[in-house]
Structures are given as C-alpha cells and as structure tokens.
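Novice: Contents of run_19.txt (compact mmCIF, C-alpha atoms) are below:
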```
# COMPACT_ATOMS: atom_id res chain seq x y z
CA MET A 177 -23.40 -119.77 -113.60
CA ASN A 178 -24.87 -116.92 -115.63
CA PHE A 179 -22.06 -114.42 -115.19
CA PHE A 180 -19.91 -112.69 -117.82
CA SER A 181 -16.78 -111.46 -116.09
CA ALA A 182 -18.81 -112.07 -112.93
CA ARG A 183 -21.95 -110.50 -114.38
CA ILE A 184 -20.03 -107.71 -116.09
CA GLY A 185 -18.83 -105.86 -113.03
CA LEU A 186 -21.22 -107.57 -110.60
CA LEU A 187 -24.46 -106.49 -112.26
CA SER A 188 -26.32 -108.78 -109.91
CA LEU A 189 -25.38 -106.61 -106.97
CA GLY A 190 -27.43 -103.74 -108.43
CA LEU A 191 -30.75 -105.59 -108.67
CA VAL A 192 -32.61 -103.29 -106.30
CA PHE A 193 -30.72 -100.01 -106.55
CA LEU A 194 -33.56 -98.04 -108.17
CA SER A 195 -35.13 -95.40 -105.96
CA ALA A 196 -38.66 -95.35 -104.65
CA HIS A 197 -40.33 -92.90 -107.04
CA ALA A 198 -39.77 -89.95 -109.37
CA GLU A 199 -37.01 -87.70 -108.06
CA GLN A 200 -34.34 -85.24 -109.08
CA LYS A 201 -31.06 -86.97 -109.86
CA PRO A 202 -27.81 -86.00 -111.63
CA GLU A 203 -27.89 -86.77 -115.33
CA LEU A 204 -24.57 -88.62 -115.00
CA GLU A 205 -22.72 -90.19 -112.07
CA LEU A 206 -19.41 -92.07 -112.24
CA GLY A 207 -17.46 -94.01 -109.65
CA ILE A 208 -15.37 -97.08 -108.90
CA GLY A 209 -15.35 -99.82 -106.31
CA VAL A 210 -14.49 -103.44 -105.62
CA GLY A 211 -16.51 -106.63 -105.33
CA VAL A 212 -16.16 -110.32 -104.54
CA VAL A 213 -18.21 -113.17 -106.06
CA ASN A 214 -18.15 -116.94 -105.63
CA PHE A 215 -20.01 -119.36 -107.95
CA PRO A 216 -19.75 -122.72 -109.79
CA ILE A 217 -17.58 -122.47 -112.91
CA TYR A 218 -20.62 -123.49 -114.97
CA ARG A 219 -24.16 -124.52 -114.07
CA GLY A 220 -23.99 -128.12 -112.89
CA ALA A 221 -20.25 -128.12 -112.11
CA GLU A 222 -18.73 -129.38 -108.88
CA GLU A 223 -15.85 -126.91 -109.01
CA ARG A 224 -16.27 -123.30 -107.88
CA ARG A 225 -14.43 -120.06 -108.53
CA SER A 226 -14.00 -116.81 -106.61
CA TRP A 227 -13.32 -113.45 -108.24
CA ILE A 228 -12.17 -110.12 -106.80
CA LEU A 229 -13.05 -107.50 -109.39
CA PRO A 230 -13.23 -103.75 -109.90
CA VAL A 231 -16.83 -102.54 -109.90
CA PRO A 232 -17.46 -99.50 -112.11
CA TYR A 233 -20.30 -97.23 -111.02
CA PHE A 234 -22.20 -95.75 -113.96
CA ASP A 235 -25.60 -94.05 -113.77
CA TYR A 236 -26.91 -92.17 -116.82
CA ASN A 237 -30.39 -90.66 -117.00
CA GLY A 238 -31.01 -89.38 -120.52
CA ASP A 239 -34.22 -88.36 -122.26
CA LYS A 240 -34.53 -91.65 -124.17
CA LEU A 241 -32.28 -93.98 -122.24
CA GLN A 242 -31.36 -94.83 -118.65
CA ILE A 243 -28.28 -96.94 -117.92
CA ASN A 244 -26.87 -98.16 -114.61
CA ARG A 245 -25.20 -101.28 -113.16
CA ASP A 246 -28.55 -103.02 -113.02
CA ARG A 247 -30.11 -102.46 -116.41
CA MET A 248 -30.46 -100.48 -119.61
CA ARG A 249 -33.93 -98.93 -119.91
CA SER A 250 -35.39 -97.75 -123.18
CA ARG A 251 -38.08 -95.08 -123.27
CA LEU A 252 -38.99 -95.89 -126.86
CA PHE A 253 -41.73 -98.18 -125.58
CA ARG A 254 -43.04 -97.58 -122.09
CA SER A 255 -46.35 -97.31 -120.25
CA ASP A 256 -47.53 -97.52 -116.67
CA ARG A 257 -47.68 -101.31 -116.90
CA VAL A 258 -45.26 -102.35 -119.65
CA GLU A 259 -41.77 -101.24 -120.68
CA LEU A 260 -39.02 -102.41 -122.98
CA ASP A 261 -35.58 -102.93 -121.49
CA PHE A 262 -32.28 -104.34 -122.70
CA SER A 263 -30.95 -107.50 -121.03
CA VAL A 264 -27.25 -108.41 -120.69
CA SER A 265 -25.76 -111.48 -119.01
CA GLY A 266 -23.19 -114.18 -119.72
CA SER A 267 -20.63 -116.56 -118.25
CA VAL A 268 -16.90 -116.70 -117.65
CA PRO A 269 -14.53 -118.92 -119.68
CA VAL A 270 -13.91 -122.42 -118.37
CA SER A 271 -10.65 -124.34 -118.81
CA SER A 272 -11.65 -127.99 -119.10
CA GLU A 273 -8.36 -129.08 -117.56
CA ASN A 274 -9.48 -127.47 -114.30
CA THR A 275 -12.62 -129.62 -114.10
CA THR A 276 -13.07 -133.32 -113.45
CA ALA A 277 -16.14 -133.82 -115.65
CA ARG A 278 -14.77 -131.97 -118.73
CA LYS A 279 -11.11 -132.97 -118.59
CA GLY A 280 -9.79 -133.57 -122.11
CA MET A 281 -12.71 -131.75 -123.76
CA GLU A 282 -12.66 -128.36 -125.47
CA ASP A 283 -12.71 -125.31 -123.22
CA ILE A 284 -15.87 -123.26 -122.78
CA ASP A 285 -15.53 -119.73 -124.16
CA ALA A 286 -16.57 -116.64 -122.29
CA ILE A 287 -20.21 -116.06 -123.19
CA LEU A 288 -22.02 -112.80 -123.82
CA GLU A 289 -25.84 -112.88 -123.71
CA VAL A 290 -27.72 -109.88 -125.13
CA GLY A 291 -31.30 -109.25 -126.11
CA PRO A 292 -34.59 -107.47 -125.37
CA LEU A 293 -36.52 -107.69 -122.12
CA VAL A 294 -40.24 -106.95 -121.77
CA ASN A 295 -41.11 -105.92 -118.21
CA PHE A 296 -44.71 -106.15 -116.98
CA HIS A 297 -45.51 -104.23 -113.78
CA LEU A 298 -48.00 -106.54 -112.08
CA TYR A 299 -48.27 -104.49 -108.89
CA TYR A 300 -46.87 -101.38 -107.27
CA ASP A 301 -48.07 -99.45 -104.25
CA GLU A 302 -48.99 -95.78 -104.25
CA ARG A 303 -45.44 -94.61 -103.52
CA LYS A 304 -43.92 -97.33 -105.74
CA GLN A 305 -41.78 -98.60 -102.88
CA THR A 306 -43.08 -102.14 -103.42
CA ASN A 307 -43.02 -103.51 -106.97
CA LEU A 308 -43.93 -106.92 -108.39
CA ASP A 309 -42.74 -107.37 -111.98
CA LEU A 310 -42.80 -110.15 -114.55
CA ARG A 311 -39.61 -109.92 -116.61
CA LEU A 312 -39.36 -111.75 -119.93
CA PRO A 313 -35.81 -111.55 -121.35
CA VAL A 314 -34.80 -113.29 -124.57
CA ARG A 315 -31.06 -113.23 -125.20
CA ALA A 316 -28.76 -114.37 -127.99
CA VAL A 317 -25.82 -116.45 -126.76
CA LEU A 318 -22.49 -115.29 -128.24
CA PRO A 319 -19.09 -116.85 -127.38
CA VAL A 320 -16.51 -114.08 -127.06
CA ARG A 321 -13.44 -114.75 -129.19
CA PRO A 322 -10.84 -112.39 -130.74
CA TYR A 323 -12.27 -110.99 -133.98
CA GLN A 324 -15.12 -113.51 -133.94
CA MET A 325 -18.53 -113.97 -132.32
CA ASP A 326 -20.40 -117.14 -133.22
CA HIS A 327 -24.05 -117.62 -132.41
CA ARG A 328 -24.62 -120.41 -129.86
CA GLY A 329 -28.38 -120.28 -129.56
CA TRP A 330 -30.94 -118.48 -127.43
CA ILE A 331 -31.90 -118.38 -123.77
CA PHE A 332 -35.25 -117.35 -122.25
CA GLN A 333 -35.58 -116.60 -118.51
CA PRO A 334 -39.10 -115.60 -117.34
CA THR A 335 -38.70 -114.14 -113.85
CA LEU A 336 -40.99 -112.82 -111.12
CA ASN A 337 -39.21 -109.97 -109.32
CA LEU A 338 -40.37 -108.41 -106.03
CA ASP A 339 -38.69 -105.20 -104.80
CA PHE A 340 -38.99 -103.45 -101.44
CA ARG A 341 -37.37 -100.02 -101.68
CA ASN A 342 -36.26 -97.70 -98.90
CA ILE A 343 -37.39 -100.12 -96.18
CA GLN A 344 -38.63 -98.20 -93.12
CA GLN A 345 -37.00 -95.04 -94.56
CA SER A 346 -33.59 -96.70 -94.07
CA ARG A 347 -32.48 -96.37 -97.72
CA TRP A 348 -31.97 -100.14 -97.77
CA ASN A 349 -33.52 -101.94 -100.75
CA LEU A 350 -34.43 -105.63 -100.77
CA GLY A 351 -35.08 -107.65 -103.92
CA MET A 352 -36.31 -111.21 -104.35
CA SER A 353 -36.76 -113.06 -107.63
CA ALA A 354 -37.71 -116.51 -108.90
CA GLY A 355 -36.99 -117.44 -112.49
CA LEU A 356 -37.09 -120.36 -114.90
CA VAL A 357 -34.37 -121.04 -117.46
CA TYR A 358 -35.05 -122.26 -121.00
CA GLY A 359 -32.45 -122.74 -123.73
CA ASP A 360 -32.73 -123.88 -127.31
CA GLU A 361 -30.88 -126.95 -128.58
CA ALA A 362 -27.77 -125.05 -129.66
CA TYR A 363 -27.41 -123.50 -126.19
CA THR A 364 -27.87 -126.68 -124.14
CA GLN A 365 -25.69 -128.77 -126.46
CA TYR A 366 -22.83 -126.26 -126.27
CA PHE A 367 -22.58 -126.70 -122.49
CA TYR A 368 -23.73 -130.29 -121.89
CA ASN A 369 -23.12 -132.47 -124.98
CA VAL A 370 -20.33 -135.05 -124.97
CA ALA A 371 -19.20 -135.74 -128.54
CA PRO A 372 -18.15 -139.35 -129.31
CA GLN A 373 -14.47 -138.39 -129.57
CA TYR A 374 -14.56 -137.16 -125.96
CA ALA A 375 -16.31 -140.22 -124.54
CA THR A 376 -14.47 -142.26 -121.88
CA ALA A 377 -15.27 -145.21 -119.63
CA THR A 378 -16.70 -142.81 -117.04
CA ARG A 379 -18.02 -140.16 -119.46
CA PRO A 380 -20.30 -141.68 -122.11
CA ALA A 381 -21.25 -139.83 -125.28
CA TYR A 382 -24.31 -137.69 -124.67
CA SER A 383 -26.62 -135.43 -126.66
CA THR A 384 -29.40 -133.27 -125.28
CA SER A 385 -32.33 -131.36 -126.72
CA GLY A 386 -33.40 -127.81 -126.01
CA GLY A 387 -35.95 -126.98 -123.35
CA TYR A 388 -36.29 -126.49 -119.59
CA GLY A 389 -33.02 -125.79 -117.81
CA GLY A 390 -33.94 -125.50 -114.13
CA TYR A 391 -34.80 -122.54 -111.91
CA GLN A 392 -33.05 -119.84 -109.90
CA LEU A 393 -33.99 -118.03 -106.67
CA THR A 394 -32.18 -114.78 -105.88
CA THR A 395 -32.17 -112.38 -102.93
CA SER A 396 -30.30 -109.08 -103.03
CA LEU A 397 -29.77 -106.14 -100.69
CA SER A 398 -28.37 -102.70 -101.51
CA ARG A 399 -28.01 -99.14 -100.25
CA ARG A 400 -27.02 -95.81 -101.83
CA LYS A 401 -26.09 -92.94 -99.51
CA ASP A 402 -23.57 -90.13 -99.04
CA GLY A 403 -21.41 -90.79 -102.06
CA TYR A 404 -21.24 -94.56 -101.93
CA TRP A 405 -23.21 -97.64 -102.97
CA LEU A 406 -23.03 -101.12 -101.49
CA GLY A 407 -24.90 -104.32 -102.15
CA GLY A 408 -24.87 -108.09 -102.02
CA PHE A 409 -26.73 -111.06 -103.44
CA LEU A 410 -27.34 -114.77 -102.80
CA ARG A 411 -28.62 -117.06 -105.58
CA TRP A 412 -29.85 -120.67 -105.42
CA ASP A 413 -29.69 -122.70 -108.65
CA ASN A 414 -31.56 -126.00 -109.16
CA LEU A 415 -31.18 -128.19 -112.28
CA SER A 416 -33.64 -130.91 -111.23
CA GLY A 417 -35.89 -131.75 -114.17
CA ALA A 418 -33.67 -129.98 -116.71
CA VAL A 419 -33.50 -131.61 -120.14
CA PHE A 420 -29.75 -132.06 -119.64
CA GLU A 421 -29.75 -133.20 -115.98
CA ASP A 422 -28.52 -136.68 -117.02
CA SER A 423 -25.48 -135.27 -118.83
CA PRO A 424 -22.22 -136.66 -117.44
CA LEU A 425 -21.06 -133.03 -117.31
CA VAL A 426 -23.67 -132.27 -114.62
CA THR A 427 -22.08 -133.33 -111.33
CA ARG A 428 -24.11 -131.12 -108.99
CA LYS A 429 -27.79 -130.37 -109.59
CA GLN A 430 -28.12 -127.82 -106.79
CA SER A 431 -25.73 -124.98 -106.05
CA PHE A 432 -25.52 -121.40 -104.85
CA ALA A 433 -23.65 -118.22 -105.71
CA PHE A 434 -23.04 -115.12 -103.62
CA GLY A 435 -21.31 -111.78 -103.87
CA PHE A 436 -20.74 -108.38 -102.29
CA ALA A 437 -19.58 -105.04 -103.71
CA MET A 438 -18.99 -101.44 -102.68
CA SER A 439 -18.56 -98.44 -105.00
CA TRP A 440 -17.59 -94.85 -104.33
CA ILE A 441 -19.22 -92.13 -106.45
CA LEU A 442 -16.47 -89.80 -107.68
CA TYR A 443 -18.34 -87.56 -110.12
CA SER A 444 -21.88 -86.17 -110.31
CA SER A 445 -22.94 -83.84 -113.12
CA ASP A 446 -24.41 -80.46 -112.21
CA LYS A 447 -27.39 -81.04 -114.52
CA MET A 448 -30.32 -82.52 -112.61
CA VAL A 449 -33.14 -84.46 -114.30
CA GLU A 450 -36.38 -86.00 -113.06
CA VAL A 451 -36.16 -89.80 -112.99
CA SER A 452 -39.13 -92.11 -112.57
CA ASN A 453 -38.24 -95.67 -111.56
CA ASP A 454 -41.62 -97.33 -112.01
```
Now that the file is in, can you turn its structure into structure tokens?

Specialist:
Amino acid sequence: MNFFSARIGLLSLGLVFLSAHAEQKPELELGIGVGVVNFPIYRGAEERRSWILPVPYFDYNGDKLQINRDRMRSRLFRSDRVELDFSVSGSVPVSSENTTARKGMEDIDAILEVGPLVNFHLYYDERKQTNLDLRLPVRAVLPVRPYQMDHRGWIFQPTLNLDFRNIQQSRWNLGMSAGLVYGDEAYTQYFYNVAPQYATATRPAYSTSGGYGGYQLTTSLSRRKDGYWLGGFLRWDNLSGAVFEDSPLVTRKQSFAFGFAMSWILYSSDKMVEVSND
C-alpha cells in the first residue's frame, strides 16, 4: 500500500482539509494527535498490518509556500486553472519472513516517493466549495536506508479528485478520488520480480515489465473546528489488469485500507495571512 510510515503521519487523512475559499488564517499552526491505519503490507499481499501513530499537525501559510498534512503547495507557478504542487508518498518496510509469498526473499525497504505534481482545476463553483481537479504526480522511488538512498524507478498516478467543502455549513469536508497507477520497469520489478535464486516449487521465477499497475478509489471525511482536527479515509485498491498481476507475489488482487486520526492544535501564530485554497 502506498504509505510511508503510514503515509508520513497519516497524510491521507488530510485529503479534504482545505477551507472553502480565501480567508484569514494564522501564518503557522502546530499541534499533535493520534491516528490508526490498517492496510495490506504491500499492494497485492494477503497479510495486513495495523499502526497506531502520532499525528503531527502542521499548517504553514507563507508568501511562496503553503504546507500542511495534505500537501506542499508552491506559488512559483500558479494560475486560476493550473498550479504546481509537491507530491510525497511511500510505503512501510516489509519483513519477508512475515509473509507467505515472499518467505526466504530479501526484505522490502521503506520507500520514500517524492516529485512534482501538476494540478488542473477542471471545475469549481462560485464559492469554491465544490472542486473537481485532475492531479498528475510523478514521483521518484527511493528506498530509505542508513546513509544511502538508491533510485528504484518512477511512479505516475493520474487522479481525478472531487471535493465538497463545508457541507451544509457543517464544517465537514468530503473528498472522493479515482486514480490509476503506473510504474516503470525498475519500480514494478523491485516489488514483484522473483529472481531465480528465490524460486521454489510453489514460487516460480518471474520477471515483469513496467506499465499499468491497477487503480485506487478513495473516500475521505474531515473537520476542523475549535482547536482540533479529525478525519478518516477508506481506499479500495484493484490490481486486475496490472502488468504484474500474474506475479507469484500477488496473492490478493483486490484490497482496502482505512484509517482515522484526531489532532489538537496547540499553537497558532498571532500573524494572520489571507489564504486562497483554489
């Protein structure tokens, strides 16, 4: 599942935090909370893992940069319809001894995915409480090791994202997204190849190419009010038709992930700035 330390502090739980329109907000807010996530240990695995993690709350609204749990926004390139963001994702380490399909193989490192994201605003209403965006992230895949980061390929995830903000003036925000996953050969082989030395009677040697890697459907819900933030998400993952679906390391082609988090805001700067979330 595409999580790095469970999406780096449950980033997925912040998918729809952004407010409805331009407003006055503190330049900096800090807080802490806790979250729970449950997901397959890697895409296509039978085994699952649950994490209980601290959830840092960080919201910075600078002149050139905005950063929060959900995203890093650059103002170096931005218009009413197009903006340049920064995309971060990843996955947790996997001990092969804890899996049936990979037993005896090398472990999977923790993965950090970083790269640019071009966001096209396809539709927004007059108050910008309903947004339809096409997000095009391209991320480098970097195993996280002490004193070393090797390059393990690239991943591309075009995603349609629909947000409903401040539903019926309730301060609840609903987000829905549908995205495709594409990886180059280095990426797909890292996760799904079986080298000849690891082949067994029930796990034949296998090599895959790069290409289509399935699709994901995500729904998220969040609210920010009176010094706290809470949110949750549910994601469906389908590997049918993926270039690696016949890998002996793929034991489940359909799976889901879910999570919930709550954060308390402990510090808000006195300086207020106008923030536009279109």

Novice: How close does segment 351-436 of chain A get to segment 272-281 of chain A? List, as a Markdown table, each residue of segment 351-436 of chain A within 12 Å, its nearest atom pair and the distance in Å to one decimal, counting only C-alpha atoms.

Specialist:
```
| residue | atom | partner | partner_atom | distance |
| --- | --- | --- | --- | --- |
| A:Tyr366 | CA | A:Met281 | CA | 11.8 |
| A:Phe367 | CA | A:Arg278 | CA | 10.1 |
| A:Tyr368 | CA | A:Arg278 | CA | 9.6 |
| A:Asn369 | CA | A:Arg278 | CA | 10.4 |
| A:Val370 | CA | A:Met281 | CA | 8.4 |
| A:Ala371 | CA | A:Met281 | CA | 9.0 |
| A:Pro372 | CA | A:Met281 | CA | 10.9 |
| A:Gln373 | CA | A:Met281 | CA | 9.0 |
| A:Tyr374 | CA | A:Met281 | CA | 6.1 |
| A:Ala375 | CA | A:Met281 | CA | 9.2 |
| A:Thr376 | CA | A:Gly280 | CA | 9.9 |
| A:Thr378 | CA | A:Ala277 | CA | 9.1 |
| A:Arg379 | CA | A:Ala277 | CA | 7.6 |
| A:Pro380 | CA | A:Ala277 | CA | 11.0 |
| A:Ala381 | CA | A:Met281 | CA | 11.9 |
| A:Ser423 | CA | A:Ala277 | CA | 10.0 |
| A:Pro424 | CA | A:Ala277 | CA | 6.9 |
| A:Leu425 | CA | A:Ala277 | CA | 5.3 |
| A:Val426 | CA | A:Ala277 | CA | 7.8 |
| A:Thr427 | CA | A:Ala277 | CA | 7.4 |
| A:Arg428 | CA | A:Ala277 | CA | 10.7 |
```

Novice: Go ahead and compute the interatomic distance for atom CA of Leu410 of chain A and atom CA of Ser439 of chain A, in Å to one decimal.

Specialist: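 Between atom CA of Leu410 of chain A and atom CA of Ser439 of chain A the gap is 18.7 Å.
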
Novice: Here is a test: counting all atoms listed in the file, which residue of A:Ser346, A:Ser445, A:Ser263, A:Ser226 is nearest to Gln333 of chain A?

Specialist: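 Distance minimum relative to Gln333 of chain A lands on A:Ser263.
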
Novice: Kindly indicate which residue among A:Val212, A:Ala316, A:Leu415, A:Ile287 lies nearest to Phe262 of chain A, using only C-alpha atoms for the distances.

Specialist: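 Closest candidate: A:Ala316.
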
Novice: A:Ala433, A:Val317, A:Leu312, A:Val270: which is nearest Val290 of chain A, counting all atoms listed in the file?

Specialist: A:Val317

Novice: Please determine, counting all atoms listed in the file, which residue among A:His297, A:Arg328, A:Arg411, A:Arg315 has the shortest atom-to-atom distance to Leu393 of chain A.

Specialist: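 Under the stated criterion, the closest residue is A:Arg411.
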
Novice: Measure the distance from atom CA of Phe436 of chain A to atom CA of Glu259 of chain A in Å and round it to one decimal.

Specialist: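 Answer for the atom CA of Phe436 of chain A to atom CA of Glu259 of chain A separation: 28.8 Å.
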
Novice: What would the list of residues within 12 Å of (-33.4, -119.8, -120.6) (file frame) look like as an MDAnalysis selection string, if all atoms listed in the file are what count?

Specialist: chainID A and resid 178 265:266 289 312:317 329:335 355:364 386:392 418:419

Novice: Grab the residues selected above and save them as a compact mmCIF listing (two decimals), keeping the file's coordinate frame with C-alpha atoms.

Specialist:
```txt
# COMPACT_ATOMS: atom_id res chain seq x y z
CA ASN A 178 -24.87 -116.92 -115.63
CA SER A 265 -25.76 -111.48 -119.01
CA GLY A 266 -23.19 -114.18 -119.72
CA GLU A 289 -25.84 -112.88 -123.71
CA LEU A 312 -39.36 -111.75 -119.93
CA PRO A 313 -35.81 -111.55 -121.35
CA VAL A 314 -34.80 -113.29 -124.57
CA ARG A 315 -31.06 -113.23 -125.20
CA ALA A 316 -28.76 -114.37 -127.99
CA VAL A 317 -25.82 -116.45 -126.76
CA GLY A 329 -28.38 -120.28 -129.56
CA TRP A 330 -30.94 -118.48 -127.43
CA ILE A 331 -31.90 -118.38 -123.77
CA PHE A 332 -35.25 -117.35 -122.25
CA GLN A 333 -35.58 -116.60 -118.51
CA PRO A 334 -39.10 -115.60 -117.34
CA THR A 335 -38.70 -114.14 -113.85
CA GLY A 355 -36.99 -117.44 -112.49
CA LEU A 356 -37.09 -120.36 -114.90
CA VAL A 357 -34.37 -121.04 -117.46
CA TYR A 358 -35.05 -122.26 -121.00
CA GLY A 359 -32.45 -122.74 -123.73
CA ASP A 360 -32.73 -123.88 -127.31
CA GLU A 361 -30.88 -126.95 -128.58
CA ALA A 362 -27.77 -125.05 -129.66
CA TYR A 363 -27.41 -123.50 -126.19
CA THR A 364 -27.87 -126.68 -124.14
CA GLY A 386 -33.40 -127.81 -126.01
CA GLY A 387 -35.95 -126.98 -123.35
CA TYR A 388 -36.29 -126.49 -119.59
CA GLY A 389 -33.02 -125.79 -117.81
CA GLY A 390 -33.94 -125.50 -114.13
CA TYR A 391 -34.80 -122.54 -111.91
CA GLN A 392 -33.05 -119.84 -109.90
CA ALA A 418 -33.67 -129.98 -116.71
CA VAL A 419 -33.50 -131.61 -120.14
```

Novice: Could you please determine the separation between atom CA of Lys201 of chain A and atom CA of Asn342 of chain A in Å, to one decimal place?

Specialist: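 Distance reported for this atom pair: 16.2 Å.
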
Novice: Out of A:Val268, A:Ala354, A:Leu318, A:Met438, which residue has the shortest atom-to-atom distance to Arg224 of chain A when counting all atoms listed in the file?

Specialist: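 Looking at the shortest contact to Arg224 of chain A, the residue is A:Val268.
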
Novice: Using all atoms listed in the file, which residues sit within 6 Å of Asp413 of chain A once same-chain residues fewer than 2 positions away are excluded, as a PDB file with C-alpha atoms, in the coordinates of the input?

Specialist:
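Output below, filename selection-v3.pdb:
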```
ATOM      1  CA  GLN A 392     -33.050-119.840-109.900  1.00  0.00           C
ATOM      2  CA  GLN A 430     -28.120-127.820-106.790  1.00  0.00           C
ATOM      3  CA  SER A 431     -25.730-124.980-106.050  1.00  0.00           C
ATOM      4  CA  PHE A 432     -25.520-121.400-104.850  1.00  0.00           C
TER       5      PHE A 432
END
```

Novice: From the options A:Ala377, A:Val213, A:Ile343, A:Ile284, which residue's atoms come nearest to Arg321 of chain A, counting only C-alpha atoms?

Specialist: A:Ile284

Novice: Can you pull out the residues contacting Asn349 of chain A? Cut-off 8 Å, using only C-alpha atoms, and skip same-chain residues under 5 positions away; I want them as a PDB file with C-alpha atoms, in the frame of the given file.

Specialist:
```
ATOM      1  CA  VAL A 192     -32.610-103.290-106.300  1.00  0.00           C
ATOM      2  CA  PHE A 193     -30.720-100.010-106.550  1.00  0.00           C
ATOM      3  CA  ASP A 339     -38.690-105.200-104.800  1.00  0.00           C
ATOM      4  CA  PHE A 340     -38.990-103.450-101.440  1.00  0.00           C
ATOM      5  CA  ARG A 341     -37.370-100.020-101.680  1.00  0.00           C
ATOM      6  CA  ASN A 342     -36.260 -97.700 -98.900  1.00  0.00           C
ATOM      7  CA  ILE A 343     -37.390-100.120 -96.180  1.00  0.00           C
ATOM      8  CA  LEU A 397     -29.770-106.140-100.690  1.00  0.00           C
ATOM      9  CA  SER A 398     -28.370-102.700-101.510  1.00  0.00           C
ATOM     10  CA  ARG A 399     -28.010 -99.140-100.250  1.00  0.00           C
TER      11      ARG A 399
END
```

Novice: Could you give me, as a CSV table (one decimal) with C-alpha atoms, in the frame of the given file, the residues within 10 Å of Tyr443 of chain A, counting only C-alpha atoms and dropping anything in the same chain fewer than 4 positions from it?

Specialist:
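Result saved to part13.csv:
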```csv
chain,number,residue,atom,x,y,z
A,202,PRO,CA,-27.8,-86.0,-111.6
A,204,LEU,CA,-24.6,-88.6,-115.0
A,205,GLU,CA,-22.7,-90.2,-112.1
A,206,LEU,CA,-19.4,-92.1,-112.2
A,207,GLY,CA,-17.5,-94.0,-109.6
A,233,TYR,CA,-20.3,-97.2,-111.0
A,234,PHE,CA,-22.2,-95.8,-114.0
A,403,GLY,CA,-21.4,-90.8,-102.1
```

Novice: Reconstruct N, CA and C atoms of segment 364-380 of chain A from the incomplete input and present them as a PDB file, in the frame of the given file.

Specialist:
```
ATOM      1  N   THR A 364     -28.075-125.586-125.087  1.00  0.00           N
ATOM      2  CA  THR A 364     -27.870-126.680-124.140  1.00  0.00           C
ATOM      3  C   THR A 364     -26.784-127.641-124.634  1.00  0.00           C
ATOM      4  N   GLN A 365     -26.714-127.860-125.947  1.00  0.00           N
ATOM      5  CA  GLN A 365     -25.690-128.770-126.460  1.00  0.00           C
ATOM      6  C   GLN A 365     -24.292-128.189-126.305  1.00  0.00           C
ATOM      7  N   TYR A 366     -24.151-126.881-126.417  1.00  0.00           N
ATOM      8  CA  TYR A 366     -22.830-126.260-126.270  1.00  0.00           C
ATOM      9  C   TYR A 366     -22.238-126.553-124.887  1.00  0.00           C
ATOM     10  N   PHE A 367     -23.076-126.518-123.852  1.00  0.00           N
ATOM     11  CA  PHE A 367     -22.580-126.700-122.490  1.00  0.00           C
ATOM     12  C   PHE A 367     -22.572-128.165-122.043  1.00  0.00           C
ATOM     13  N   TYR A 368     -23.513-128.989-122.536  1.00  0.00           N
ATOM     14  CA  TYR A 368     -23.730-130.290-121.890  1.00  0.00           C
ATOM     15  C   TYR A 368     -23.584-131.503-122.797  1.00  0.00           C
ATOM     16  N   ASN A 369     -23.371-131.324-124.108  1.00  0.00           N
ATOM     17  CA  ASN A 369     -23.120-132.470-124.980  1.00  0.00           C
ATOM     18  C   ASN A 369     -21.734-133.058-124.734  1.00  0.00           C
ATOM     19  N   VAL A 370     -21.632-134.378-124.936  1.00  0.00           N
ATOM     20  CA  VAL A 370     -20.330-135.050-124.970  1.00  0.00           C
ATOM     21  C   VAL A 370     -20.221-135.719-126.335  1.00  0.00           C
ATOM     22  N   ALA A 371     -19.382-135.168-127.205  1.00  0.00           N
ATOM     23  CA  ALA A 371     -19.200-135.740-128.540  1.00  0.00           C
ATOM     24  C   ALA A 371     -18.499-137.097-128.429  1.00  0.00           C
ATOM     25  N   PRO A 372     -18.748-138.009-129.392  1.00  0.00           N
ATOM     26  CA  PRO A 372     -18.150-139.350-129.310  1.00  0.00           C
ATOM     27  C   PRO A 372     -16.637-139.347-129.108  1.00  0.00           C
ATOM     28  N   GLN A 373     -15.930-138.402-129.711  1.00  0.00           N
ATOM     29  CA  GLN A 373     -14.470-138.390-129.570  1.00  0.00           C
ATOM     30  C   GLN A 373     -14.005-138.042-128.161  1.00  0.00           C
ATOM     31  N   TYR A 374     -14.918-137.498-127.328  1.00  0.00           N
ATOM     32  CA  TYR A 374     -14.560-137.160-125.960  1.00  0.00           C
ATOM     33  C   TYR A 374     -15.108-138.161-124.947  1.00  0.00           C
ATOM     34  N   ALA A 375     -15.752-139.218-125.431  1.00  0.00           N
ATOM     35  CA  ALA A 375     -16.310-140.220-124.540  1.00  0.00           C
ATOM     36  C   ALA A 375     -15.198-141.054-123.899  1.00  0.00           C
ATOM     37  N   THR A 376     -15.403-141.400-122.613  1.00  0.00           N
ATOM     38  CA  THR A 376     -14.470-142.260-121.880  1.00  0.00           C
ATOM     39  C   THR A 376     -15.284-143.325-121.148  1.00  0.00           C
ATOM     40  N   ALA A 377     -14.581-144.160-120.388  1.00  0.00           N
ATOM     41  CA  ALA A 377     -15.270-145.210-119.630  1.00  0.00           C
ATOM     42  C   ALA A 377     -16.200-144.623-118.584  1.00  0.00           C
ATOM     43  N   THR A 378     -15.870-143.438-118.079  1.00  0.00           N
ATOM     44  CA  THR A 378     -16.700-142.810-117.040  1.00  0.00           C
ATOM     45  C   THR A 378     -17.494-141.617-117.573  1.00  0.00           C
ATOM     46  N   ARG A 379     -17.305-141.288-118.856  1.00  0.00           N
ATOM     47  CA  ARG A 379     -18.020-140.160-119.460  1.00  0.00           C
ATOM     48  C   ARG A 379     -18.561-140.595-120.816  1.00  0.00           C
ATOM     49  N   PRO A 380     -19.749-141.189-120.842  1.00  0.00           N
ATOM     50  CA  PRO A 380     -20.300-141.680-122.110  1.00  0.00           C
ATOM     51  C   PRO A 380     -20.690-140.524-123.029  1.00  0.00           C
TER      52      PRO A 380
END
```
